[in-house]
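Pasted below: model-v5.pdb, PDB, C-alpha atoms.
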ATOM      1  CA  MET A  91     201.022 112.618 103.432
ATOM      2  CA  ALA A  92     198.499 115.459 103.277
ATOM      3  CA  PHE A  93     196.469 113.972 106.147
ATOM      4  CA  GLU A  94     197.270 113.478 109.818
ATOM      5  CA  SER A  95     195.557 110.113 110.299
ATOM      6  CA  PHE A  96     193.871 107.375 108.313
ATOM      7  CA  SER A  97     190.422 108.426 109.525
ATOM      8  CA  ALA A  98     191.130 112.004 108.385
ATOM      9  CA  PHE A  99     192.113 110.569 104.994
ATOM     10  CA  ILE A 100     188.780 108.723 104.742
ATOM     11  CA  ALA A 101     186.713 111.691 105.967
ATOM     12  CA  MET A 102     188.500 114.326 103.801
ATOM     13  CA  GLU A 103     186.984 117.052 105.995
ATOM     14  CA  GLY A 104     183.450 116.166 104.986
ATOM     15  CA  HIS A 105     184.222 115.714 101.279
ATOM     16  CA  GLY A 106     184.949 112.003 101.685
ATOM     17  CA  PRO A 107     181.613 110.694 100.341
ATOM     18  CA  TYR A 108     182.002 112.724  97.127
ATOM     19  CA  VAL A 109     185.642 111.833  96.531
ATOM     20  CA  TRP A 110     185.259 108.135  97.354
ATOM     21  CA  THR A 111     182.083 107.756  95.276
ATOM     22  CA  CYS A 112     183.929 109.152  92.251
ATOM     23  CA  TYR A 113     186.972 106.949  92.684
ATOM     24  CA  GLY A 114     184.803 103.891  93.329
ATOM     25  CA  VAL A 115     182.694 104.375  90.212
ATOM     26  CA  PHE A 116     185.802 105.172  88.154
ATOM     27  CA  LEU A 117     187.713 102.047  89.214
ATOM     28  CA  VAL A 118     184.708  99.737  88.840
ATOM     29  CA  SER A 119     183.933 101.114  85.358
ATOM     30  CA  VAL A 120     187.500 101.027  84.026
ATOM     31  CA  ILE A 121     188.325  97.603  85.434
ATOM     32  CA  GLY A 122     184.907  96.325  84.323
ATOM     33  CA  LEU A 123     185.550  97.605  80.797
ATOM     34  CA  MET A 124     188.962  95.912  80.733
ATOM     35  CA  VAL A 125     187.669  92.562  82.010
ATOM     36  CA  TRP A 126     184.648  92.638  79.672
ATOM     37  CA  SER A 127     186.835  93.445  76.637
ATOM     38  CA  ARG A 128     189.144  90.543  77.457
ATOM     39  CA  GLN A 129     186.272  88.139  77.930
ATOM     40  CA  ARG A 130     184.715  89.206  74.662
ATOM     41  CA  ARG A 131     187.864  88.317  72.713
ATOM     42  CA  ARG A 132     187.955  84.891  74.358
ATOM     43  CA  VAL A 133     184.255  84.254  73.689
ATOM     44  CA  MET A 134     184.658  85.265  70.030
ATOM     45  CA  MET A 135     187.684  82.996  69.595
ATOM     46  CA  GLU A 136     185.824  80.074  71.127
ATOM     47  CA  ALA A 137     182.853  80.697  68.850
ATOM     48  CA  CYS A 138     185.180  80.728  65.812
ATOM     49  CA  ARG A 139     186.813  77.523  66.953
ATOM     50  CA  ARG A 140     183.444  75.763  67.270
ATOM     51  CA  ASN A 141     182.591  76.998  63.773
ATOM     52  CA  TYR A 142     185.814  75.594  62.303
ATOM     53  CA  GLU A 143     185.299  72.282  64.058
ATOM     54  CA  ARG A 144     181.747  71.966  62.793
ATOM     55  CA  GLN A 145     182.914  72.701  59.231
ATOM     56  CA  GLY A 146     185.670  70.116  59.650
ATOM     57  CA  GLN A 147     183.161  67.365  60.370
ATOM     58  CA  GLY A 148     182.044  67.186  56.773
ATOM     59  CA  PRO A 149     180.183  69.215  54.189
ATOM     60  CA  GLN A 150     176.906  67.323  54.629
ATOM     61  CA  ARG A 151     176.454  68.382  58.211
ATOM     62  CA  ALA A 152     177.467  71.947  57.586
ATOM     63  CA  ALA A 153     175.171  72.254  54.602
ATOM     64  CA  ARG A 154     172.095  71.069  56.443
ATOM     65  CA  PRO A 155     169.801  73.999  57.166
ATOM     66  CA  THR A 156     168.996  74.688  60.795
ATOM     67  CA  ALA A 157     165.325  75.325  60.037
ATOM     68  CA  THR A 158     162.979  74.631  57.158
ATOM     69  CA  PHE A 159     159.887  76.403  56.031
ATOM     70  CA  ALA A 160     157.989  73.276  54.943
ATOM     71  CA  ARG A 161     154.303  73.483  55.680
ATOM     72  CA  VAL A 162     153.179  71.329  58.536
ATOM     73  CA  GLU A 163     149.689  69.850  58.282
ATOM     74  CA  VAL A 164     147.916  70.094  61.570
ATOM     75  CA  SER A 165     144.817  67.998  61.895
ATOM     76  CA  GLN A 166     141.767  70.095  62.643
ATOM     77  CA  ASP A 167     139.674  67.544  64.512
TER      78      ASP A 167
ATOM     79  CA  MET B 193     206.017 105.087  52.540
ATOM     80  CA  TRP B 194     203.179 103.583  50.528
ATOM     81  CA  GLN B 195     204.339 100.138  51.413
ATOM     82  CA  PHE B 196     204.176 101.083  55.091
ATOM     83  CA  PHE B 197     200.685 102.476  54.622
ATOM     84  CA  HIS B 198     199.640  99.278  52.935
ATOM     85  CA  LYS B 199     201.094  97.161  55.711
ATOM     86  CA  LEU B 200     199.376  99.276  58.330
ATOM     87  CA  GLY B 201     196.094  98.480  56.691
ATOM     88  CA  SER B 202     196.706  94.754  56.876
ATOM     89  CA  PRO B 203     194.713  93.220  59.751
ATOM     90  CA  LYS B 204     197.157  90.343  60.132
ATOM     91  CA  TRP B 205     200.130  92.661  60.516
ATOM     92  CA  PHE B 206     198.250  94.834  62.984
ATOM     93  CA  TYR B 207     197.198  91.836  65.064
ATOM     94  CA  GLY B 208     200.816  90.820  65.575
ATOM     95  CA  ILE B 209     202.024  94.334  66.416
ATOM     96  CA  ALA B 210     199.153  94.793  68.882
ATOM     97  CA  ALA B 211     199.937  91.490  70.588
ATOM     98  CA  ARG B 212     203.532  92.588  71.096
ATOM     99  CA  LEU B 213     202.607  96.091  72.363
ATOM    100  CA  MET B 214     199.802  95.142  74.723
ATOM    101  CA  PRO B 215     201.739  93.878  77.762
ATOM    102  CA  TRP B 216     203.837  97.078  77.807
ATOM    103  CA  LEU B 217     200.791  99.310  77.449
ATOM    104  CA  LEU B 218     198.950  97.502  80.242
ATOM    105  CA  VAL B 219     201.794  97.443  82.767
ATOM    106  CA  SER B 220     203.016 101.021  82.205
ATOM    107  CA  GLY B 221     199.463 102.372  82.022
ATOM    108  CA  ALA B 222     198.312 100.693  85.227
ATOM    109  CA  LEU B 223     201.449 101.773  87.102
ATOM    110  CA  LEU B 224     201.217 105.413  85.983
ATOM    111  CA  LEU B 225     197.481 105.619  86.649
ATOM    112  CA  LEU B 226     197.783 104.087  90.120
ATOM    113  CA  ALA B 227     200.770 106.297  90.982
ATOM    114  CA  GLY B 228     198.846 109.408  89.866
ATOM    115  CA  ILE B 229     195.710 108.428  91.794
ATOM    116  CA  ILE B 230     197.495 107.516  95.032
ATOM    117  CA  TRP B 231     199.677 110.617  94.888
ATOM    118  CA  GLY B 232     196.671 112.798  94.154
ATOM    119  CA  LEU B 233     194.473 111.268  96.846
ATOM    120  CA  ALA B 234     196.894 111.050  99.726
ATOM    121  CA  PHE B 235     199.947 113.230  99.120
ATOM    122  CA  ALA B 236     199.008 116.268  97.020
ATOM    123  CA  PRO B 237     198.294 119.368  99.128
ATOM    124  CA  LYS B 238     194.737 120.506  99.797
ATOM    125  CA  ASP B 239     193.248 123.202  97.563
ATOM    126  CA  TYR B 240     192.884 126.462  99.521
ATOM    127  CA  LEU B 241     189.509 127.234  97.919
ATOM    128  CA  GLN B 242     187.805 123.892  97.285
ATOM    129  CA  GLY B 243     189.329 121.821 100.074
ATOM    130  CA  ASN B 244     189.635 118.103  99.481
ATOM    131  CA  SER B 245     186.830 117.761  96.938
ATOM    132  CA  TYR B 246     189.288 118.971  94.281
ATOM    133  CA  ARG B 247     190.996 115.540  94.463
ATOM    134  CA  ILE B 248     188.315 114.365  92.043
ATOM    135  CA  ILE B 249     190.352 116.252  89.410
ATOM    136  CA  TYR B 250     192.777 113.295  89.218
ATOM    137  CA  ILE B 251     190.097 111.212  87.530
ATOM    138  CA  HIS B 252     187.822 113.936  86.135
ATOM    139  CA  VAL B 253     190.464 115.528  83.876
ATOM    140  CA  PRO B 254     191.876 112.238  82.475
ATOM    141  CA  THR B 255     188.412 110.864  81.631
ATOM    142  CA  SER B 256     187.268 114.164  80.065
ATOM    143  CA  LEU B 257     190.456 114.532  78.005
ATOM    144  CA  LEU B 258     190.270 110.937  76.793
ATOM    145  CA  ALA B 259     186.567 111.239  75.989
ATOM    146  CA  GLN B 260     187.378 114.094  73.592
ATOM    147  CA  SER B 261     190.641 112.656  72.221
ATOM    148  CA  ILE B 262     188.968 109.352  71.398
ATOM    149  CA  TYR B 263     186.332 111.212  69.421
ATOM    150  CA  ILE B 264     189.003 113.134  67.487
ATOM    151  CA  MET B 265     190.865 109.884  66.739
ATOM    152  CA  MET B 266     187.576 108.359  65.564
ATOM    153  CA  ALA B 267     187.044 111.365  63.266
ATOM    154  CA  VAL B 268     190.515 110.902  61.720
ATOM    155  CA  ALA B 269     189.749 107.202  61.252
ATOM    156  CA  ALA B 270     186.393 108.138  59.685
ATOM    157  CA  VAL B 271     188.182 110.273  57.066
ATOM    158  CA  VAL B 272     190.526 107.375  56.314
ATOM    159  CA  THR B 273     187.515 105.057  55.996
ATOM    160  CA  LEU B 274     185.734 107.357  53.555
ATOM    161  CA  VAL B 275     188.750 108.362  51.448
ATOM    162  CA  TRP B 276     190.967 105.278  51.355
ATOM    163  CA  ARG B 277     188.430 102.604  52.379
ATOM    164  CA  MET B 278     190.946 101.205  54.834
ATOM    165  CA  LYS B 279     189.350  98.351  56.764
ATOM    166  CA  LEU B 280     191.447  98.862  59.850
ATOM    167  CA  ALA B 281     190.220 102.461  60.288
ATOM    168  CA  ASP B 282     186.642 101.247  60.483
ATOM    169  CA  VAL B 283     187.679  98.472  62.871
ATOM    170  CA  PHE B 284     189.186 101.172  65.101
ATOM    171  CA  VAL B 285     186.010 103.287  65.146
ATOM    172  CA  LYS B 286     183.855 100.320  66.106
ATOM    173  CA  ALA B 287     186.309  99.018  68.690
ATOM    174  CA  VAL B 288     186.778 102.265  70.614
ATOM    175  CA  ALA B 289     183.277 103.801  70.517
ATOM    176  CA  PRO B 290     182.118 101.896  73.646
ATOM    177  CA  VAL B 291     185.307 102.970  75.455
ATOM    178  CA  GLY B 292     184.512 106.585  74.575
ATOM    179  CA  LEU B 293     180.972 106.125  75.847
ATOM    180  CA  VAL B 294     182.139 104.824  79.235
ATOM    181  CA  LEU B 295     184.768 107.568  79.635
ATOM    182  CA  THR B 296     182.292 110.330  78.710
ATOM    183  CA  PHE B 297     179.860 108.928  81.256
ATOM    184  CA  LEU B 298     182.647 108.924  83.868
ATOM    185  CA  ALA B 299     183.594 112.529  83.027
ATOM    186  CA  LEU B 300     179.968 113.617  83.481
ATOM    187  CA  PHE B 301     179.503 111.554  86.631
ATOM    188  CA  THR B 302     182.677 112.712  88.385
ATOM    189  CA  GLY B 303     181.883 116.275  87.290
ATOM    190  CA  ALA B 304     178.411 116.089  88.814
ATOM    191  CA  VAL B 305     179.691 114.683  92.098
ATOM    192  CA  TRP B 306     182.416 117.347  92.174
ATOM    193  CA  GLY B 307     179.857 120.042  91.382
ATOM    194  CA  LYS B 308     177.694 119.280  94.425
ATOM    195  CA  PRO B 309     180.145 120.430  97.141
ATOM    196  CA  THR B 310     181.763 123.078  94.897
ATOM    197  CA  TRP B 311     178.836 124.755  93.103
ATOM    198  CA  GLY B 312     176.023 123.476  95.318
ATOM    199  CA  THR B 313     174.336 121.623  92.446
ATOM    200  CA  TRP B 314     174.764 118.305  90.631
ATOM    201  CA  TRP B 315     173.903 119.677  87.230
ATOM    202  CA  VAL B 316     173.404 122.959  85.372
ATOM    203  CA  TRP B 317     172.494 123.353  81.730
ATOM    204  CA  ASP B 318     175.576 125.357  80.894
ATOM    205  CA  ALA B 319     177.642 125.109  77.726
ATOM    206  CA  ARG B 320     180.432 122.815  78.936
ATOM    207  CA  LEU B 321     178.134 120.293  80.608
ATOM    208  CA  THR B 322     175.568 120.276  77.819
ATOM    209  CA  SER B 323     178.164 119.809  75.075
ATOM    210  CA  MET B 324     179.656 116.884  77.014
ATOM    211  CA  LEU B 325     176.175 115.356  77.277
ATOM    212  CA  ILE B 326     175.883 115.694  73.478
ATOM    213  CA  LEU B 327     179.209 113.860  73.169
ATOM    214  CA  LEU B 328     177.716 111.018  75.236
ATOM    215  CA  PHE B 329     174.742 110.836  72.864
ATOM    216  CA  LEU B 330     177.069 110.906  69.841
ATOM    217  CA  TYR B 331     178.953 107.879  71.136
ATOM    218  CA  GLY B 332     175.633 106.147  71.795
ATOM    219  CA  GLY B 333     174.457 107.068  68.298
ATOM    220  CA  VAL B 334     177.603 105.667  66.667
ATOM    221  CA  ILE B 335     177.197 102.348  68.493
ATOM    222  CA  ALA B 336     173.469 102.135  67.724
ATOM    223  CA  LEU B 337     173.900 103.022  64.038
ATOM    224  CA  ASP B 338     176.605 100.409  63.605
ATOM    225  CA  ARG B 339     174.385  97.744  65.157
ATOM    226  CA  ALA B 340     171.371  98.753  63.093
ATOM    227  CA  ILE B 341     173.062  98.183  59.703
ATOM    228  CA  SER B 342     173.977  94.582  59.045
ATOM    229  CA  ASP B 343     175.960  95.135  55.842
ATOM    230  CA  GLU B 344     179.550  95.787  56.886
ATOM    231  CA  LYS B 345     180.422  98.293  54.148
ATOM    232  CA  SER B 346     177.247 100.385  54.436
ATOM    233  CA  ALA B 347     177.612 100.429  58.214
ATOM    234  CA  ALA B 348     181.218 101.619  57.898
ATOM    235  CA  ARG B 349     180.249 104.511  55.626
ATOM    236  CA  ALA B 350     177.177 105.572  57.641
ATOM    237  CA  VAL B 351     179.114 105.476  60.917
ATOM    238  CA  ALA B 352     181.990 107.488  59.395
ATOM    239  CA  VAL B 353     179.593 110.205  58.213
ATOM    240  CA  LEU B 354     177.924 110.394  61.630
ATOM    241  CA  VAL B 355     181.300 110.657  63.382
ATOM    242  CA  LEU B 356     182.360 113.480  61.047
ATOM    243  CA  VAL B 357     179.125 115.416  61.532
ATOM    244  CA  GLY B 358     179.521 115.144  65.294
ATOM    245  CA  VAL B 359     183.051 116.504  65.266
ATOM    246  CA  VAL B 360     181.692 120.118  65.344
ATOM    247  CA  ASN B 361     180.865 119.411  68.965
ATOM    248  CA  ILE B 362     184.542 119.061  69.935
ATOM    249  CA  PRO B 363     185.581 122.739  69.567
ATOM    250  CA  VAL B 364     182.341 123.679  71.324
ATOM    251  CA  ILE B 365     183.387 121.578  74.321
ATOM    252  CA  LYS B 366     186.933 122.924  74.210
ATOM    253  CA  TYR B 367     186.095 126.629  74.018
ATOM    254  CA  SER B 368     182.774 126.602  75.892
ATOM    255  CA  VAL B 369     184.472 127.817  79.073
ATOM    256  CA  GLU B 370     185.897 130.809  77.185
ATOM    257  CA  TRP B 371     182.981 131.694  74.883
ATOM    258  CA  TRP B 372     180.259 131.604  77.491
ATOM    259  CA  ASN B 373     180.046 132.512  81.134
ATOM    260  CA  THR B 374     179.796 129.153  82.801
ATOM    261  CA  LEU B 375     180.178 127.649  86.235
ATOM    262  CA  HIS B 376     182.911 125.373  84.933
ATOM    263  CA  GLN B 377     186.460 126.436  85.648
ATOM    264  CA  PRO B 378     188.896 126.988  82.736
ATOM    265  CA  ALA B 379     191.330 124.342  81.558
ATOM    266  CA  THR B 380     193.960 123.113  84.007
ATOM    267  CA  PHE B 381     196.566 122.323  81.360
ATOM    268  CA  LYS B 382     197.364 124.550  78.417
ATOM    269  CA  LEU B 383     200.044 123.776  75.870
ATOM    270  CA  THR B 384     201.245 127.367  75.757
ATOM    271  CA  GLU B 385     201.403 128.228  79.447
ATOM    272  CA  LYS B 386     202.762 126.835  82.651
ATOM    273  CA  PRO B 387     200.047 125.361  84.876
ATOM    274  CA  SER B 388     198.758 127.697  87.561
ATOM    275  CA  MET B 389     198.977 124.913  90.133
ATOM    276  CA  PRO B 390     202.080 124.001  92.122
ATOM    277  CA  ALA B 391     204.038 120.998  90.849
ATOM    278  CA  GLU B 392     202.874 118.749  93.729
ATOM    279  CA  MET B 393     199.376 119.135  92.327
ATOM    280  CA  TRP B 394     199.890 118.902  88.574
ATOM    281  CA  VAL B 395     202.564 116.202  88.368
ATOM    282  CA  PRO B 396     200.185 113.504  89.724
ATOM    283  CA  LEU B 397     197.530 114.791  87.322
ATOM    284  CA  LEU B 398     199.945 114.413  84.422
ATOM    285  CA  LEU B 399     200.735 110.857  85.563
ATOM    286  CA  SER B 400     197.092 109.818  85.710
ATOM    287  CA  VAL B 401     196.402 111.393  82.303
ATOM    288  CA  LEU B 402     199.326 109.500  80.715
ATOM    289  CA  GLY B 403     198.332 106.310  82.532
ATOM    290  CA  LEU B 404     194.768 106.440  81.262
ATOM    291  CA  TYR B 405     196.007 107.126  77.696
ATOM    292  CA  LEU B 406     198.153 103.973  77.856
ATOM    293  CA  ILE B 407     195.267 101.942  79.303
ATOM    294  CA  PHE B 408     193.163 103.218  76.415
ATOM    295  CA  GLY B 409     195.887 102.065  74.012
ATOM    296  CA  TRP B 410     195.691  98.590  75.527
ATOM    297  CA  LEU B 411     191.885  98.557  75.327
ATOM    298  CA  ALA B 412     191.968  99.751  71.707
ATOM    299  CA  CYS B 413     194.440  96.998  70.691
ATOM    300  CA  LEU B 414     192.450  94.311  72.496
ATOM    301  CA  ARG B 415     189.080  95.367  71.110
ATOM    302  CA  MET B 416     190.471  95.784  67.587
ATOM    303  CA  GLN B 417     191.894  92.263  67.795
ATOM    304  CA  THR B 418     188.423  90.981  68.700
ATOM    305  CA  GLU B 419     186.835  92.829  65.780
ATOM    306  CA  ILE B 420     189.529  91.544  63.388
ATOM    307  CA  ILE B 421     188.974  87.924  64.435
ATOM    308  CA  VAL B 422     185.248  88.215  63.821
ATOM    309  CA  ARG B 423     185.666  89.872  60.418
ATOM    310  CA  GLU B 424     188.538  87.795  59.125
ATOM    311  CA  GLN B 425     187.371  84.427  60.419
ATOM    312  CA  ARG B 426     187.288  83.016  56.888
ATOM    313  CA  THR B 427     190.999  83.649  56.376
ATOM    314  CA  ARG B 428     193.659  81.044  56.854
ATOM    315  CA  TRP B 429     195.717  82.997  59.404
ATOM    316  CA  VAL B 430     192.786  83.567  61.785
ATOM    317  CA  LYS B 431     191.898  79.890  61.579
ATOM    318  CA  ASP B 432     195.482  78.940  62.423
ATOM    319  CA  LEU B 433     195.538  81.433  65.290
ATOM    320  CA  VAL B 434     192.252  80.240  66.785
ATOM    321  CA  MET B 435     193.044  76.547  66.375
ATOM    322  CA  ALA B 436     196.469  77.055  67.981
ATOM    323  CA  GLY B 437     194.468  78.072  71.032
ATOM    324  CA  ARG B 438     196.739  80.870  72.204
ATOM    325  CA  PHE B 439     194.196  83.095  73.906
TER     326      PHE B 439
END

Reformat the file's structure so that it appears as structure tokens.
Amino acid sequence: MAFESFSAFIAMEGHGPYVWTCYGVFLVSVIGLMVWSRQRRRVMMEACRRNYERQGQGPQRAARPTATFARVEVSQD
Amino acid sequence: MWQFFHKLGSPKWFYGIAARLMPWLLVSGALLLLAGIIWGLAFAPKDYLQGNSYRIIYIHVPTSLLAQSIYIMMAVAAVVTLVWRMKLADVFVKAVAPVGLVLTFLALFTGAVWGKPTWGTWWVWDARLTSMLILLFLYGGVIALDRAISDEKSAARAVAVLVLVGVVNIPVIKYSVEWWNTLHQPATFKLTEKPSMPAEMWVPLLLSVLGLYLIFGWLACLRMQTEIIVREQRTRWVKDLVMAGRF
């Protein structure tokens, strides 16, 4: 151990705030990146699965457009 | 040889290889990185000049090295994309660009926080720092350009060209500390010389560098798998994989 006590380890002779800020931001960013990347694969797979299931329910449903551009007559009075 | 090259370009083959490699990459990477960090924080001796603030080196050097290596790997993949039109090379570029962005940000951030007690300032517009900031913008540009073009093939080509143009920045980063008088200290590790530090200081640094490389390998595999699923969702094998529900 390069330090005599735990409090000396935390203080790092006045450099503690700098060192601990760096390590904190580093760990949060790297772990965050890892968790986010994992979640993204799961979300994409679930989206694909929903797609396949919708297609499996029959061509008529899948072929129906989600929106149409038919003109809607709104009464003016 | 050509058969191997062809196989390497097959997304299905890659997906399987990645799945088998990933647990090893994750476990060995996390262990090495943690060992390097703990050793560096608590057991490595204090620097006689900088005191304890130098312990930031155990994350500053790995993130900076990776930030540049990832860009070089992306440039190689960009050449492969342009010359051989290999799909997997483009998948790689898109999968790792956000990782490069985060690591470049971390290199700049840890450098700034290290600079305050060592140089007395968070930031100076010197060559090393400025060229790293340009690298951050290049990563951002690659991600933005890819998102802006909806056609997959045009996006692949445009992104590859941008990556290749930006590669001039890499030697500038590397040699900036030798070409110009800067506040930044010269490289800690050189391939041709023994490190100027004692072993108790550089061995943990080597561990954290290797650990972060392995973690990057895991991230690259995982993110490439995601990209492959999205792109190949019309193929039979992706459908089977997704419907089997092993994720």

Please identify every residue of chain B that has at least one atom no farther than 7 Å from an atom of chain A, counting all atoms listed in the file, and for each give the shortest atom pair and the distance in Å to one decimal, arranged by chain then increasing number, as JSON lines.
{"residue": "B:Ala234", "atom": "CA", "partner": "A:Met91", "partner_atom": "CA", "distance": 5.8}
{"residue": "B:Phe235", "atom": "CA", "partner": "A:Met91", "partner_atom": "CA", "distance": 4.5}
{"residue": "B:Ala236", "atom": "CA", "partner": "A:Ala92", "partner_atom": "CA", "distance": 6.3}
{"residue": "B:Pro237", "atom": "CA", "partner": "A:Ala92", "partner_atom": "CA", "distance": 5.7}
{"residue": "B:Asn244", "atom": "CA", "partner": "A:Met102", "partner_atom": "CA", "distance": 5.8}
{"residue": "B:Ser245", "atom": "CA", "partner": "A:His105", "partner_atom": "CA", "distance": 5.5}
{"residue": "B:Arg247", "atom": "CA", "partner": "A:Val109", "partner_atom": "CA", "distance": 6.8}
{"residue": "B:Ile248", "atom": "CA", "partner": "A:Val109", "partner_atom": "CA", "distance": 5.8}
{"residue": "B:Leu298", "atom": "CA", "partner": "A:Phe116", "partner_atom": "CA", "distance": 6.5}
{"residue": "B:Thr302", "atom": "CA", "partner": "A:Cys112", "partner_atom": "CA", "distance": 5.4}
{"residue": "B:Val305", "atom": "CA", "partner": "A:Tyr108", "partner_atom": "CA", "distance": 5.9}
{"residue": "B:Trp306", "atom": "CA", "partner": "A:Tyr108", "partner_atom": "CA", "distance": 6.8}
{"residue": "B:Leu411", "atom": "CA", "partner": "A:Met124", "partner_atom": "CA", "distance": 6.7}
{"residue": "B:Arg415", "atom": "CA", "partner": "A:Ser127", "partner_atom": "CA", "distance": 6.3}
{"residue": "B:Thr418", "atom": "CA", "partner": "A:Arg131", "partner_atom": "CA", "distance": 4.8}
{"residue": "B:Val422", "atom": "CA", "partner": "A:Met134", "partner_atom": "CA", "distance": 6.9}
{"residue": "B:Gln425", "atom": "CA", "partner": "A:Cys138", "partner_atom": "CA", "distance": 6.9}
{"residue": "B:Val434", "atom": "CA", "partner": "A:Met135", "partner_atom": "CA", "distance": 6.0}
{"residue": "B:Met435", "atom": "CA", "partner": "A:Arg139", "partner_atom": "CA", "distance": 6.3}
{"residue": "B:Phe439", "atom": "CA", "partner": "A:Arg132", "partner_atom": "CA", "distance": 6.5}

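Between CA of Ala270 (chain B) and CA of Arg349 (chain B) the interatomic distance comes to 8.2 Å.
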
Exercise for the section: Report the residues retrieved by the PyMOL selection byres ((chain B and resi 208) around 12) from the displayed file, expressed as a list in words. Expected result: Lys199, Leu200, Ser202, Pro203, Lys204, Trp205, Phe206, Tyr207, Ile209, Ala210, Ala211, Arg212, Leu213, Met214, Cys413, Leu414, Met416, Gln417, Ile420, Trp429, Val430 and Leu433 of chain B

Practice task
Would you list the contacts of His376 (chain B) as a ChimeraX atom specification, taking every protein, DNA or RNA residue within 9 Å and counting only C-alpha atoms, but skipping same-chain residues closer than 2 positions in sequence?
Solution key: /B:307,318-321,369,373-374,378

Exercise for the section: Run through the PyMOL selection byres ((chain B and resi 250-256) around 8) on the given coordinates and return the selected residues as a list in words. Expected result: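 Applied to this file, the PyMOL selection byres ((chain B and resi 250-256) around 8) returns Tyr113 and Phe116 of chain A; Gly228, Ile229, Gly232, Arg247, Ile248, Ile249, Leu257, Leu258, Ala259, Gln260, Leu295, Thr296, Leu298, Ala299, Thr302, Gly303, Pro396, Leu397, Ser400, Val401 and Leu404 of chain B.
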
Exercise for the section: Please measure the separation of CA of Met278 (chain B) and CA of Val355 (chain B), giving the value in Å to one decimal. Expected result: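 That distance, rounded to one decimal, is 16.0 Å.
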
Exercise for the section: I need the residue set behind the PyMOL selection byres ((chain B and resi 332-347) around 12) for this file; please write it as an MDAnalysis selection string. Expected result: chainID B and resid 263 266:267 270 273:274 277:279 282:283 285:294 296:297 325:331 348:358 419 422:423

Problem - Pairwise distance for CA of Ile264 (chain B) and CA of Lys366 (chain B), rounded to one decimal in Å - result: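 Interatomic distance here is 12.1 Å.
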